[in-house]
file data.cif (mmCIF, C-alpha atoms)
data_input
#
loop_
_atom_site.group_PDB
_atom_site.id
_atom_site.type_symbol
_atom_site.label_atom_id
_atom_site.label_comp_id
_atom_site.auth_asym_id
_atom_site.auth_seq_id
_atom_site.Cartn_x
_atom_site.Cartn_y
_atom_site.Cartn_z
ATOM 1 C CA MET A 16 25.771 -2.675 -14.458
ATOM 2 C CA PHE A 17 25.037 0.564 -12.585
ATOM 3 C CA SER A 18 27.836 3.114 -12.662
ATOM 4 C CA SER A 19 26.265 5.288 -10.002
ATOM 5 C CA ASP A 20 23.621 5.405 -7.307
ATOM 6 C CA GLU A 21 21.588 7.757 -9.475
ATOM 7 C CA ASN A 22 21.485 5.207 -12.300
ATOM 8 C CA LEU A 23 20.305 2.536 -9.894
ATOM 9 C CA PHE A 24 17.690 4.873 -8.456
ATOM 10 C CA ASN A 25 16.359 5.834 -11.893
ATOM 11 C CA PHE A 26 16.306 2.218 -13.046
ATOM 12 C CA ILE A 27 14.211 1.076 -10.061
ATOM 13 C CA VAL A 28 11.784 3.987 -10.489
ATOM 14 C CA PHE A 29 11.416 3.159 -14.196
ATOM 15 C CA PHE A 30 11.083 -0.564 -13.451
ATOM 16 C CA ILE A 31 8.252 -0.087 -10.936
ATOM 17 C CA LEU A 32 6.452 2.337 -13.235
ATOM 18 C CA VAL A 33 6.712 0.046 -16.249
ATOM 19 C CA MET A 34 5.804 -3.088 -14.263
ATOM 20 C CA ALA A 35 2.517 -1.496 -13.246
ATOM 21 C CA PHE A 36 1.079 -2.275 -16.695
ATOM 22 C CA PRO A 37 1.724 -6.062 -16.780
ATOM 23 C CA THR A 38 0.737 -6.238 -13.101
ATOM 24 C CA PHE A 39 -2.616 -4.652 -13.911
ATOM 25 C CA ILE A 40 -3.167 -7.034 -16.843
ATOM 26 C CA LEU A 41 -2.147 -10.119 -14.841
ATOM 27 C CA CYS A 42 -4.426 -9.154 -11.955
ATOM 28 C CA GLN A 43 -7.379 -9.220 -14.353
ATOM 29 C CA PHE A 44 -6.937 -12.989 -14.604
ATOM 30 C CA VAL A 45 -5.155 -14.021 -11.392
ATOM 31 C CA THR A 46 -6.184 -13.091 -7.855
ATOM 32 C CA SER A 47 -3.503 -13.569 -5.209
ATOM 33 C CA SER A 48 -4.519 -16.397 -2.902
ATOM 34 C CA TYR A 49 -4.690 -14.745 0.511
ATOM 35 C CA GLY A 50 -7.441 -13.379 2.716
ATOM 36 C CA LYS A 51 -10.922 -14.209 1.450
ATOM 37 C CA HIS A 52 -9.405 -15.497 -1.805
ATOM 38 C CA TYR A 53 -7.256 -18.126 -0.110
ATOM 39 C CA THR A 54 -7.428 -21.635 -1.556
ATOM 40 C CA SER A 55 -5.172 -24.413 -0.311
ATOM 41 C CA ALA A 56 -5.051 -26.034 -3.759
ATOM 42 C CA ASP A 57 -2.750 -23.428 -5.333
ATOM 43 C CA SER A 58 -1.087 -21.741 -2.370
ATOM 44 C CA GLY A 59 1.975 -23.921 -1.755
ATOM 45 C CA THR A 60 3.844 -23.355 1.503
ATOM 46 C CA THR A 61 1.961 -21.043 3.850
ATOM 47 C CA ILE A 62 2.780 -19.080 6.996
ATOM 48 C CA SER A 63 0.877 -17.175 9.658
ATOM 49 C CA PRO A 64 -0.742 -13.982 8.261
ATOM 50 C CA PRO A 65 0.625 -11.723 11.047
ATOM 51 C CA ILE A 66 4.156 -13.008 10.420
ATOM 52 C CA ALA A 67 3.674 -12.632 6.663
ATOM 53 C CA TRP A 68 2.561 -9.004 6.932
ATOM 54 C CA ALA A 69 5.337 -8.073 9.366
ATOM 55 C CA PHE A 70 7.947 -9.785 7.188
ATOM 56 C CA MET A 71 6.966 -8.418 3.797
ATOM 57 C CA GLU A 72 6.387 -4.860 5.002
ATOM 58 C CA SER A 73 9.526 -4.719 7.178
ATOM 59 C CA PRO A 74 11.922 -3.188 4.573
ATOM 60 C CA THR A 75 9.819 -0.033 4.638
ATOM 61 C CA LEU A 76 11.115 0.584 8.155
ATOM 62 C CA TRP A 77 14.599 -0.863 8.548
ATOM 63 C CA LEU A 78 15.786 -0.046 5.026
ATOM 64 C CA THR A 79 14.316 3.440 5.210
ATOM 65 C CA PHE A 80 16.236 4.163 8.412
ATOM 66 C CA ILE A 81 19.467 2.890 6.825
ATOM 67 C CA VAL A 82 19.100 4.752 3.517
ATOM 68 C CA PHE A 83 17.852 7.964 5.096
ATOM 69 C CA ARG A 84 21.038 8.439 7.110
ATOM 70 C CA LEU A 85 23.151 8.251 3.942
ATOM 71 C CA GLY A 86 21.442 11.134 2.130
ATOM 72 C CA LYS A 87 22.721 14.689 1.763
ATOM 73 C CA ASN A 88 19.390 15.954 3.185
ATOM 74 C CA TYR A 89 19.785 13.921 6.369
ATOM 75 C CA THR A 90 20.182 17.045 8.509
ATOM 76 C CA ASN A 91 17.415 18.985 6.739
ATOM 77 C CA PRO A 92 14.256 19.229 8.908
ATOM 78 C CA LEU A 93 12.081 19.246 5.775
ATOM 79 C CA ALA A 94 13.318 15.769 4.879
ATOM 80 C CA PHE A 95 12.282 14.491 8.319
ATOM 81 C CA ILE A 96 8.892 16.174 7.983
ATOM 82 C CA LEU A 97 8.343 14.684 4.519
ATOM 83 C CA ILE A 98 9.288 11.113 5.432
ATOM 84 C CA SER A 99 7.104 11.107 8.564
ATOM 85 C CA PRO A 100 3.720 10.243 6.923
ATOM 86 C CA TYR A 101 5.386 7.379 5.063
ATOM 87 C CA LEU A 102 6.802 6.022 8.320
ATOM 88 C CA PHE A 103 3.497 6.442 10.181
ATOM 89 C CA HIS A 104 1.756 4.357 7.529
ATOM 90 C CA TYR A 105 4.322 1.575 7.692
ATOM 91 C CA ILE A 106 4.589 1.523 11.467
ATOM 92 C CA ASN A 107 0.893 0.705 11.360
ATOM 93 C CA ARG A 108 1.223 -1.798 8.519
ATOM 94 C CA THR A 109 4.386 -3.532 9.769
ATOM 95 C CA ILE A 110 3.808 -3.560 13.533
ATOM 96 C CA ILE A 111 0.323 -2.516 14.628
ATOM 97 C CA TYR A 112 -1.746 -4.284 11.960
ATOM 98 C CA PRO A 113 -0.012 -7.679 12.418
ATOM 99 C CA LEU A 114 -0.577 -7.388 16.173
ATOM 100 C CA ARG A 115 -4.269 -6.657 15.594
ATOM 101 C CA LEU A 116 -4.411 -9.553 13.157
ATOM 102 C CA ARG A 117 -2.623 -11.897 15.562
ATOM 103 C CA SER A 118 -5.508 -11.937 18.033
ATOM 104 C CA ARG A 119 -7.940 -12.927 15.283
ATOM 105 C CA SER A 120 -5.914 -15.287 13.089
ATOM 106 C CA THR A 121 -5.024 -18.848 14.041
ATOM 107 C CA LYS A 122 -4.457 -20.426 10.633
ATOM 108 C CA ASN A 123 -1.243 -20.549 8.638
ATOM 109 C CA ASN A 124 -2.956 -19.553 5.408
ATOM 110 C CA PHE A 125 -0.777 -16.846 3.879
ATOM 111 C CA PRO A 126 1.244 -18.158 0.901
ATOM 112 C CA LEU A 127 4.985 -17.797 1.447
ATOM 113 C CA ASN A 128 5.616 -16.936 -2.202
ATOM 114 C CA ILE A 129 3.305 -13.901 -1.953
ATOM 115 C CA ALA A 130 5.063 -12.759 1.229
ATOM 116 C CA VAL A 131 8.456 -13.041 -0.484
ATOM 117 C CA THR A 132 7.199 -11.158 -3.554
ATOM 118 C CA GLY A 133 5.840 -8.416 -1.312
ATOM 119 C CA PHE A 134 9.148 -8.251 0.551
ATOM 120 C CA ILE A 135 11.063 -7.756 -2.714
ATOM 121 C CA PHE A 136 8.716 -5.025 -3.909
ATOM 122 C CA ASN A 137 8.946 -3.207 -0.590
ATOM 123 C CA LEU A 138 12.724 -3.530 -0.661
ATOM 124 C CA LEU A 139 12.864 -1.737 -4.018
ATOM 125 C CA ASN A 140 10.158 0.775 -3.220
ATOM 126 C CA ALA A 141 11.489 1.677 0.236
ATOM 127 C CA TYR A 142 14.861 2.394 -1.331
ATOM 128 C CA ILE A 143 13.569 4.830 -3.953
ATOM 129 C CA GLN A 144 11.133 6.603 -1.629
ATOM 130 C CA SER A 145 13.661 7.106 1.168
ATOM 131 C CA ARG A 146 16.476 7.910 -1.258
ATOM 132 C CA TRP A 147 14.431 10.595 -2.961
ATOM 133 C CA VAL A 148 13.396 12.253 0.293
ATOM 134 C CA SER A 149 16.812 12.033 1.937
ATOM 135 C CA HIS A 150 19.062 12.714 -1.040
ATOM 136 C CA TYR A 151 17.619 13.722 -4.411
ATOM 137 C CA ALA A 152 14.864 16.136 -3.360
ATOM 138 C CA ASN A 153 15.906 19.792 -3.656
ATOM 139 C CA TYR A 154 14.241 21.550 -0.736
ATOM 140 C CA GLU A 155 16.114 24.851 -1.105
ATOM 141 C CA GLU A 156 14.623 25.573 -4.550
ATOM 142 C CA ASP A 157 11.186 24.086 -3.914
ATOM 143 C CA GLU A 158 9.029 27.179 -3.388
ATOM 144 C CA SER A 159 5.740 25.241 -3.434
ATOM 145 C CA PHE A 160 6.823 22.609 -0.885
ATOM 146 C CA TRP A 161 4.434 23.636 1.873
ATOM 147 C CA VAL A 162 1.432 24.041 -0.437
ATOM 148 C CA ARG A 163 1.903 20.570 -1.934
ATOM 149 C CA PHE A 164 2.755 19.079 1.428
ATOM 150 C CA GLY A 165 -0.391 20.505 3.015
ATOM 151 C CA ILE A 166 -2.699 19.276 0.258
ATOM 152 C CA GLY A 167 -0.945 15.912 0.024
ATOM 153 C CA LEU A 168 -0.908 15.435 3.790
ATOM 154 C CA GLY A 169 -4.628 16.130 4.003
ATOM 155 C CA LEU A 170 -5.277 13.478 1.361
ATOM 156 C CA PHE A 171 -2.771 11.068 2.898
ATOM 157 C CA GLY A 172 -4.135 11.489 6.421
ATOM 158 C CA SER A 173 -7.751 11.055 5.291
ATOM 159 C CA GLY A 174 -6.800 7.924 3.375
ATOM 160 C CA MET A 175 -4.917 6.483 6.323
ATOM 161 C CA LEU A 176 -7.898 7.023 8.626
ATOM 162 C CA VAL A 177 -10.163 5.295 6.090
ATOM 163 C CA ASN A 178 -7.685 2.442 5.704
ATOM 164 C CA ILE A 179 -7.305 1.839 9.452
ATOM 165 C CA TRP A 180 -11.047 2.165 10.075
ATOM 166 C CA ALA A 181 -11.936 -0.287 7.292
ATOM 167 C CA ASP A 182 -9.334 -2.791 8.514
ATOM 168 C CA GLY A 183 -10.885 -2.499 11.983
ATOM 169 C CA VAL A 184 -14.364 -3.253 10.652
ATOM 170 C CA LEU A 185 -13.142 -6.329 8.764
ATOM 171 C CA LEU A 186 -11.127 -7.591 11.725
ATOM 172 C CA GLY A 187 -14.107 -7.024 13.991
ATOM 173 C CA LEU A 188 -16.335 -9.152 11.753
ATOM 174 C CA LYS A 189 -13.684 -11.865 11.692
ATOM 175 C CA SER A 190 -13.480 -11.914 15.490
ATOM 176 C CA GLN A 191 -17.233 -12.646 15.692
ATOM 177 C CA GLY A 192 -16.674 -16.058 14.114
ATOM 178 C CA GLY A 193 -19.222 -17.860 11.975
ATOM 179 C CA GLY A 194 -17.557 -17.167 8.635
ATOM 180 C CA TYR A 195 -17.561 -14.114 6.407
ATOM 181 C CA LYS A 196 -20.258 -11.472 6.775
ATOM 182 C CA ILE A 197 -21.281 -8.435 4.739
ATOM 183 C CA PRO A 198 -19.470 -5.380 6.139
ATOM 184 C CA ARG A 199 -21.792 -2.414 6.624
ATOM 185 C CA GLY A 200 -21.669 1.192 7.705
ATOM 186 C CA GLY A 201 -19.574 4.182 6.715
ATOM 187 C CA LEU A 202 -17.836 3.857 3.375
ATOM 188 C CA PHE A 203 -18.789 0.176 3.229
ATOM 189 C CA ASP A 204 -22.256 1.407 2.260
ATOM 190 C CA TYR A 205 -20.699 2.892 -0.887
ATOM 191 C CA VAL A 206 -17.857 0.575 -1.917
ATOM 192 C CA SER A 207 -16.807 -3.016 -1.314
ATOM 193 C CA SER A 208 -13.165 -2.187 -0.519
ATOM 194 C CA PRO A 209 -12.838 1.122 1.361
ATOM 195 C CA ASN A 210 -9.537 -0.143 2.784
ATOM 196 C CA TYR A 211 -8.114 -0.093 -0.746
ATOM 197 C CA LEU A 212 -9.705 3.288 -1.445
ATOM 198 C CA GLY A 213 -7.944 4.628 1.647
ATOM 199 C CA GLU A 214 -4.592 3.254 0.550
ATOM 200 C CA ILE A 215 -4.972 4.691 -2.955
ATOM 201 C CA MET A 216 -5.756 8.084 -1.382
ATOM 202 C CA GLU A 217 -2.646 7.809 0.782
ATOM 203 C CA TRP A 218 -0.229 7.222 -2.056
ATOM 204 C CA LEU A 219 -1.835 9.872 -4.249
ATOM 205 C CA GLY A 220 -1.206 12.249 -1.355
ATOM 206 C CA TRP A 221 2.362 10.953 -1.081
ATOM 207 C CA ALA A 222 2.950 11.547 -4.804
ATOM 208 C CA LEU A 223 1.795 15.144 -4.318
ATOM 209 C CA MET A 224 3.936 15.649 -1.223
ATOM 210 C CA THR A 225 7.117 14.303 -2.829
ATOM 211 C CA TRP A 226 6.352 15.636 -6.347
ATOM 212 C CA SER A 227 8.666 12.985 -7.715
ATOM 213 C CA TRP A 228 8.790 10.154 -10.218
ATOM 214 C CA ALA A 229 9.375 7.826 -7.280
ATOM 215 C CA GLY A 230 6.147 8.916 -5.615
ATOM 216 C CA LEU A 231 4.244 8.726 -8.896
ATOM 217 C CA ALA A 232 5.570 5.225 -9.622
ATOM 218 C CA PHE A 233 4.389 4.045 -6.201
ATOM 219 C CA PHE A 234 0.923 5.534 -6.719
ATOM 220 C CA VAL A 235 0.538 4.055 -10.215
ATOM 221 C CA TYR A 236 1.674 0.601 -9.074
ATOM 222 C CA THR A 237 -0.650 0.767 -6.071
ATOM 223 C CA CYS A 238 -3.598 1.384 -8.386
ATOM 224 C CA ALA A 239 -2.469 -1.366 -10.774
ATOM 225 C CA ASN A 240 -2.391 -3.828 -7.891
ATOM 226 C CA LEU A 241 -5.319 -2.794 -5.691
ATOM 227 C CA VAL A 242 -8.023 -1.809 -8.190
ATOM 228 C CA PRO A 243 -8.160 -5.296 -9.815
ATOM 229 C CA ARG A 244 -8.127 -6.899 -6.355
ATOM 230 C CA ALA A 245 -11.007 -4.646 -5.324
ATOM 231 C CA VAL A 246 -12.881 -5.920 -8.388
ATOM 232 C CA SER A 247 -12.179 -9.498 -7.282
ATOM 233 C CA ASN A 248 -13.404 -8.674 -3.770
ATOM 234 C CA HIS A 249 -16.622 -7.191 -5.157
ATOM 235 C CA LYS A 250 -17.277 -10.230 -7.337
ATOM 236 C CA TRP A 251 -16.539 -12.529 -4.378
ATOM 237 C CA TYR A 252 -19.086 -10.737 -2.197
ATOM 238 C CA VAL A 253 -21.736 -10.817 -4.933
ATOM 239 C CA GLU A 254 -21.184 -14.527 -5.607
ATOM 240 C CA LYS A 255 -21.180 -15.446 -1.919
ATOM 241 C CA PHE A 256 -24.127 -13.362 -0.696
ATOM 242 C CA GLY A 257 -26.165 -13.077 -3.882
ATOM 243 C CA GLU A 258 -29.351 -11.025 -3.492
ATOM 244 C CA ASP A 259 -28.408 -10.046 0.055
ATOM 245 C CA TYR A 260 -25.447 -8.000 -1.144
ATOM 246 C CA PRO A 261 -26.282 -4.308 -1.712
ATOM 247 C CA LYS A 262 -26.780 -3.767 -5.447
ATOM 248 C CA ASN A 263 -25.837 -0.080 -5.410
ATOM 249 C CA ARG A 264 -22.469 -0.676 -3.749
ATOM 250 C CA LYS A 265 -19.556 0.220 -6.046
ATOM 251 C CA VAL A 266 -16.183 -1.525 -6.243
ATOM 252 C CA VAL A 267 -13.693 0.991 -4.834
ATOM 253 C CA PHE A 268 -14.550 4.580 -5.887
ATOM 254 C CA PRO A 269 -17.846 5.879 -4.429
ATOM 255 C CA PHE A 270 -20.545 6.632 -7.044
ATOM 256 C CA LEU A 271 -18.060 6.013 -9.878
ATOM 257 C CA TYR A 272 -16.673 2.473 -10.011
#
call {"tool": "encode", "arguments": {"input": "data.cif", "output": "C-alpha cells"}}
result
Amino acid sequence: MFSSDENLFNFIVFFILVMAFPTFILCQFVTSSYGKHYTSADSGTTISPPIAWAFMESPTLWLTFIVFRLGKNYTNPLAFILISPYLFHYINRTIIYPLRLRSRSTKNNFPLNIAVTGFIFNLLNAYIQSRWVSHYANYEEDESFWVRFGIGLGLFGSGMLVNIWADGVLLGLKSQGGGYKIPRGGLFDYVSSPNYLGEIMEWLGWALMTWSWAGLAFFVYTCANLVPRAVSNHKWYVEKFGEDYPKNRKVVFPFLY
C-alpha cells in the first residue's frame, strides 16, 4: 500500500489531522470512562491505572529510541536538542506519573479498551514525531530554528510545569481519602482542568519548535481530545458540588472558556 517511508509518514500525519474532527464531535457526546468519569456499567475489562498509563504511553519512549536511530539526522546535535522536550514529557508520563499514581490507586478501574486505543494512537504519533525530528527536518536550511525553538520551549516548559503541578494537586487530594474534593489554589482558581491547559500549551510549543505538519497534527488532535474532556470535567464538578463550586471558574482557558 505504501511505496515508501515518506508515503507512510504523510499518510499517518494526514490521518491524525483528519481524525481530530470526528474525535472532537464524538467527545461532545461520549466521555471516556476513566478517572472521575469511571462507571463500571460500560467499562468492560479493567486494569490498574498505573499499569494502564505506563502501557499506553510506552511507545513514546521505546519506539522513539528505535526510530530516531534510523534517521539521517541521527548524528546532528540539533535533532537531539529538539527531541529532548518530547522525551522529558513522556518520561514523566510513562514512568514518573504511574509511580506517583501507584501509591494512591488501589482499584483496577481503568478500561482496557481505552488503554489499547491510547497505545495505538501513541504508536502512530511517536513514529511521526520522532521520524520528523530524526529524518525529515532540514536543520541546515532552517535559519529560524533557534528563535522558534526558544519561543516553543518556553511555552512547552511552562505547560509541563503546569501539567505536573496540577497532577500533583489532584493526586494529593486523592491521597487524603474521603472521596472527591474541589481542587483550589493556583490555576485551579481560574479553570477546572489546568492539567489539560498545561498539556495543550506543551504541544502548541512543540508544534512551534518542530514547525512541521506532524507537530501541528499532534497539537490539533490534543485540543480535539482534551477540550471536550475538560468540558465534561467542569460539568461533573458543577453537578457534584453544586453551589459550592466556584461560579467564576472557567473550563480550561483562563478568563476565556
call {"tool": "resolve_selection", "arguments": {"input": "data.cif", "expression": "the PyMOL selection byres ((chain A and resi 137) around 10)", "output": "ChimeraX atom specification"}}
result
/A:71-76,78,131-136,138-143
call {"tool": "closest_residue", "arguments": {"input": "data.cif", "among": "A:Phe70, A:Phe203, A:Tyr151, A:Phe171", "to": "Val184 in chain A", "atoms": "all atoms listed in the file"}}
result
A:Phe203
call {"tool": "atom_distance", "arguments": {"input": "data.cif", "atom1": "CA of Lys262 in chain A", "atom2": "CA of Thr46 in chain A"}}
result
22.7 Å
call {"tool": "residues_around", "arguments": {"input": "data.cif", "residues": "Tyr205 in chain A", "least_positions_apart": "5", "cutoff": "6 Å", "atoms": "all atoms listed in the file", "output": "PyMOL selection string"}}
result
chain A and resi 264-265+269
call {"tool": "closest_residue", "arguments": {"input": "data.cif", "among": "A:Leu168, A:Val177, A:Ala130, A:Leu202", "to": "Phe270 in chain A", "atoms": "all atoms listed in the file"}}
result
A:Leu202
call {"tool": "closest_atom_pairs", "arguments": {"input": "data.cif", "of": "range 112-197 of chain A", "to": "range 86-93 of chain A", "cutoff": "7 Å", "atoms": "all atoms listed in the file", "output": "Markdown table"}}
result
| residue | atom | partner | partner_atom | distance |
| --- | --- | --- | --- | --- |
| A:Arg146 | CA | A:Gly86 | CA | 6.8 |
| A:Ser149 | CA | A:Gly86 | CA | 4.7 |
| A:His150 | CA | A:Gly86 | CA | 4.3 |
call {"tool": "atom_distance", "arguments": {"input": "data.cif", "atom1": "CA of Phe26 in chain A", "atom2": "CA of Trp226 in chain A"}}
result
18.0 Å
call {"tool": "closest_residue", "arguments": {"input": "data.cif", "among": "A:Ser99, A:Phe39, A:Asn240, A:Ala94", "to": "Asn153 in chain A", "atoms": "only C-alpha atoms"}}
result
A:Ala94
call {"tool": "atom_distance", "arguments": {"input": "data.cif", "atom1": "CA of Gly194 in chain A", "atom2": "CA of Tyr252 in chain A"}}
result
12.7 Å
call {"tool": "closest_residue", "arguments": {"input": "data.cif", "among": "A:Cys42, A:Gln144, A:Phe164, A:Gly200", "to": "Phe234 in chain A", "atoms": "all atoms listed in the file"}}
result
A:Gln144
call {"tool": "axis_aligned_box", "arguments": {"input": "data.cif", "around": "range 223-237 of chain A", "padding_each_side": "3 Å", "output": "AutoDock Vina command-line options"}}
result
--center_x 4.4 --center_y 8.1 --center_z -5.7 --size_x 16.0 --size_y 21.0 --size_z 15.0
call {"tool": "residues_around", "arguments": {"input": "data.cif", "residues": "Thr61 in chain A", "least_positions_apart": "2", "cutoff": "6 Å", "atoms": "all atoms listed in the file", "output": "JSON, numbers by chain"}}
result
{"A": [123, 124, 125, 126, 127]}
call {"tool": "resolve_selection", "arguments": {"input": "data.cif", "expression": "the PyMOL selection byres ((chain A and resi 218) around 10)", "output": "PyMOL selection string"}}
result
chain A and resi 101+167+170-171+174-175+213-217+219-224+230-238
call {"tool": "write_last_selection", "arguments": {"input": "data.cif", "atoms": "C-alpha atoms", "output": "short mmCIF file (atom, residue, chain, number, x, y, z; two decimals), in the frame of the given file"}}
result
data_model
loop_
_atom_site.label_atom_id
_atom_site.label_comp_id
_atom_site.auth_asym_id
_atom_site.auth_seq_id
_atom_site.Cartn_x
_atom_site.Cartn_y
_atom_site.Cartn_z
CA TYR A 101 5.39 7.38 5.06
CA GLY A 167 -0.94 15.91 0.02
CA LEU A 170 -5.28 13.48 1.36
CA PHE A 171 -2.77 11.07 2.90
CA GLY A 174 -6.80 7.92 3.38
CA MET A 175 -4.92 6.48 6.32
CA GLY A 213 -7.94 4.63 1.65
CA GLU A 214 -4.59 3.25 0.55
CA ILE A 215 -4.97 4.69 -2.96
CA MET A 216 -5.76 8.08 -1.38
CA GLU A 217 -2.65 7.81 0.78
CA LEU A 219 -1.84 9.87 -4.25
CA GLY A 220 -1.21 12.25 -1.36
CA TRP A 221 2.36 10.95 -1.08
CA ALA A 222 2.95 11.55 -4.80
CA LEU A 223 1.80 15.14 -4.32
CA MET A 224 3.94 15.65 -1.22
CA GLY A 230 6.15 8.92 -5.62
CA LEU A 231 4.24 8.73 -8.90
CA ALA A 232 5.57 5.22 -9.62
CA PHE A 233 4.39 4.04 -6.20
CA PHE A 234 0.92 5.53 -6.72
CA VAL A 235 0.54 4.06 -10.22
CA TYR A 236 1.67 0.60 -9.07
CA THR A 237 -0.65 0.77 -6.07
CA CYS A 238 -3.60 1.38 -8.39
#
call {"tool": "resolve_selection", "arguments": {"input": "data.cif", "expression": "the PyMOL selection byres ((chain A and resi 211) around 8)", "output": "compact mmCIF listing (two decimals) with C-alpha atoms, in the coordinates of the input"}}
result
# COMPACT_ATOMS: atom_id res chain seq x y z
CA ASN A 178 -7.68 2.44 5.70
CA SER A 208 -13.16 -2.19 -0.52
CA PRO A 209 -12.84 1.12 1.36
CA ASN A 210 -9.54 -0.14 2.78
CA LEU A 212 -9.70 3.29 -1.44
CA GLY A 213 -7.94 4.63 1.65
CA GLU A 214 -4.59 3.25 0.55
CA ILE A 215 -4.97 4.69 -2.96
CA LEU A 241 -5.32 -2.79 -5.69
CA VAL A 242 -8.02 -1.81 -8.19
CA ALA A 245 -11.01 -4.65 -5.32
CA VAL A 267 -13.69 0.99 -4.83
call {"tool": "residues_near_point", "arguments": {"input": "data.cif", "point": "(-2.1, -12.5, 9.1)", "cutoff": "7 Å", "atoms": "only C-alpha atoms", "output": "list in words"}}
result
Ser63, Pro64, Pro65, Ile66, Ala67, Trp68, Pro113, Leu116, Arg117, Ser120 and Phe125 of chain A
call {"tool": "residues_around", "arguments": {"input": "data.cif", "residues": "Trp228 in chain A", "least_positions_apart": "6", "cutoff": "9 Å", "atoms": "all atoms listed in the file", "output": "PyMOL selection string"}}
result
chain A and resi 25+28-29+32+222
call {"tool": "closest_residue", "arguments": {"input": "data.cif", "among": "A:Trp161, A:Thr79, A:Lys189, A:Tyr195", "to": "Ile106 in chain A", "atoms": "only C-alpha atoms"}}
result
A:Thr79
call {"tool": "closest_residue", "arguments": {"input": "data.cif", "among": "A:Ile179, A:Ile166, A:Ile81, A:Leu114", "to": "Ser145 in chain A", "atoms": "only C-alpha atoms"}}
result
A:Ile81
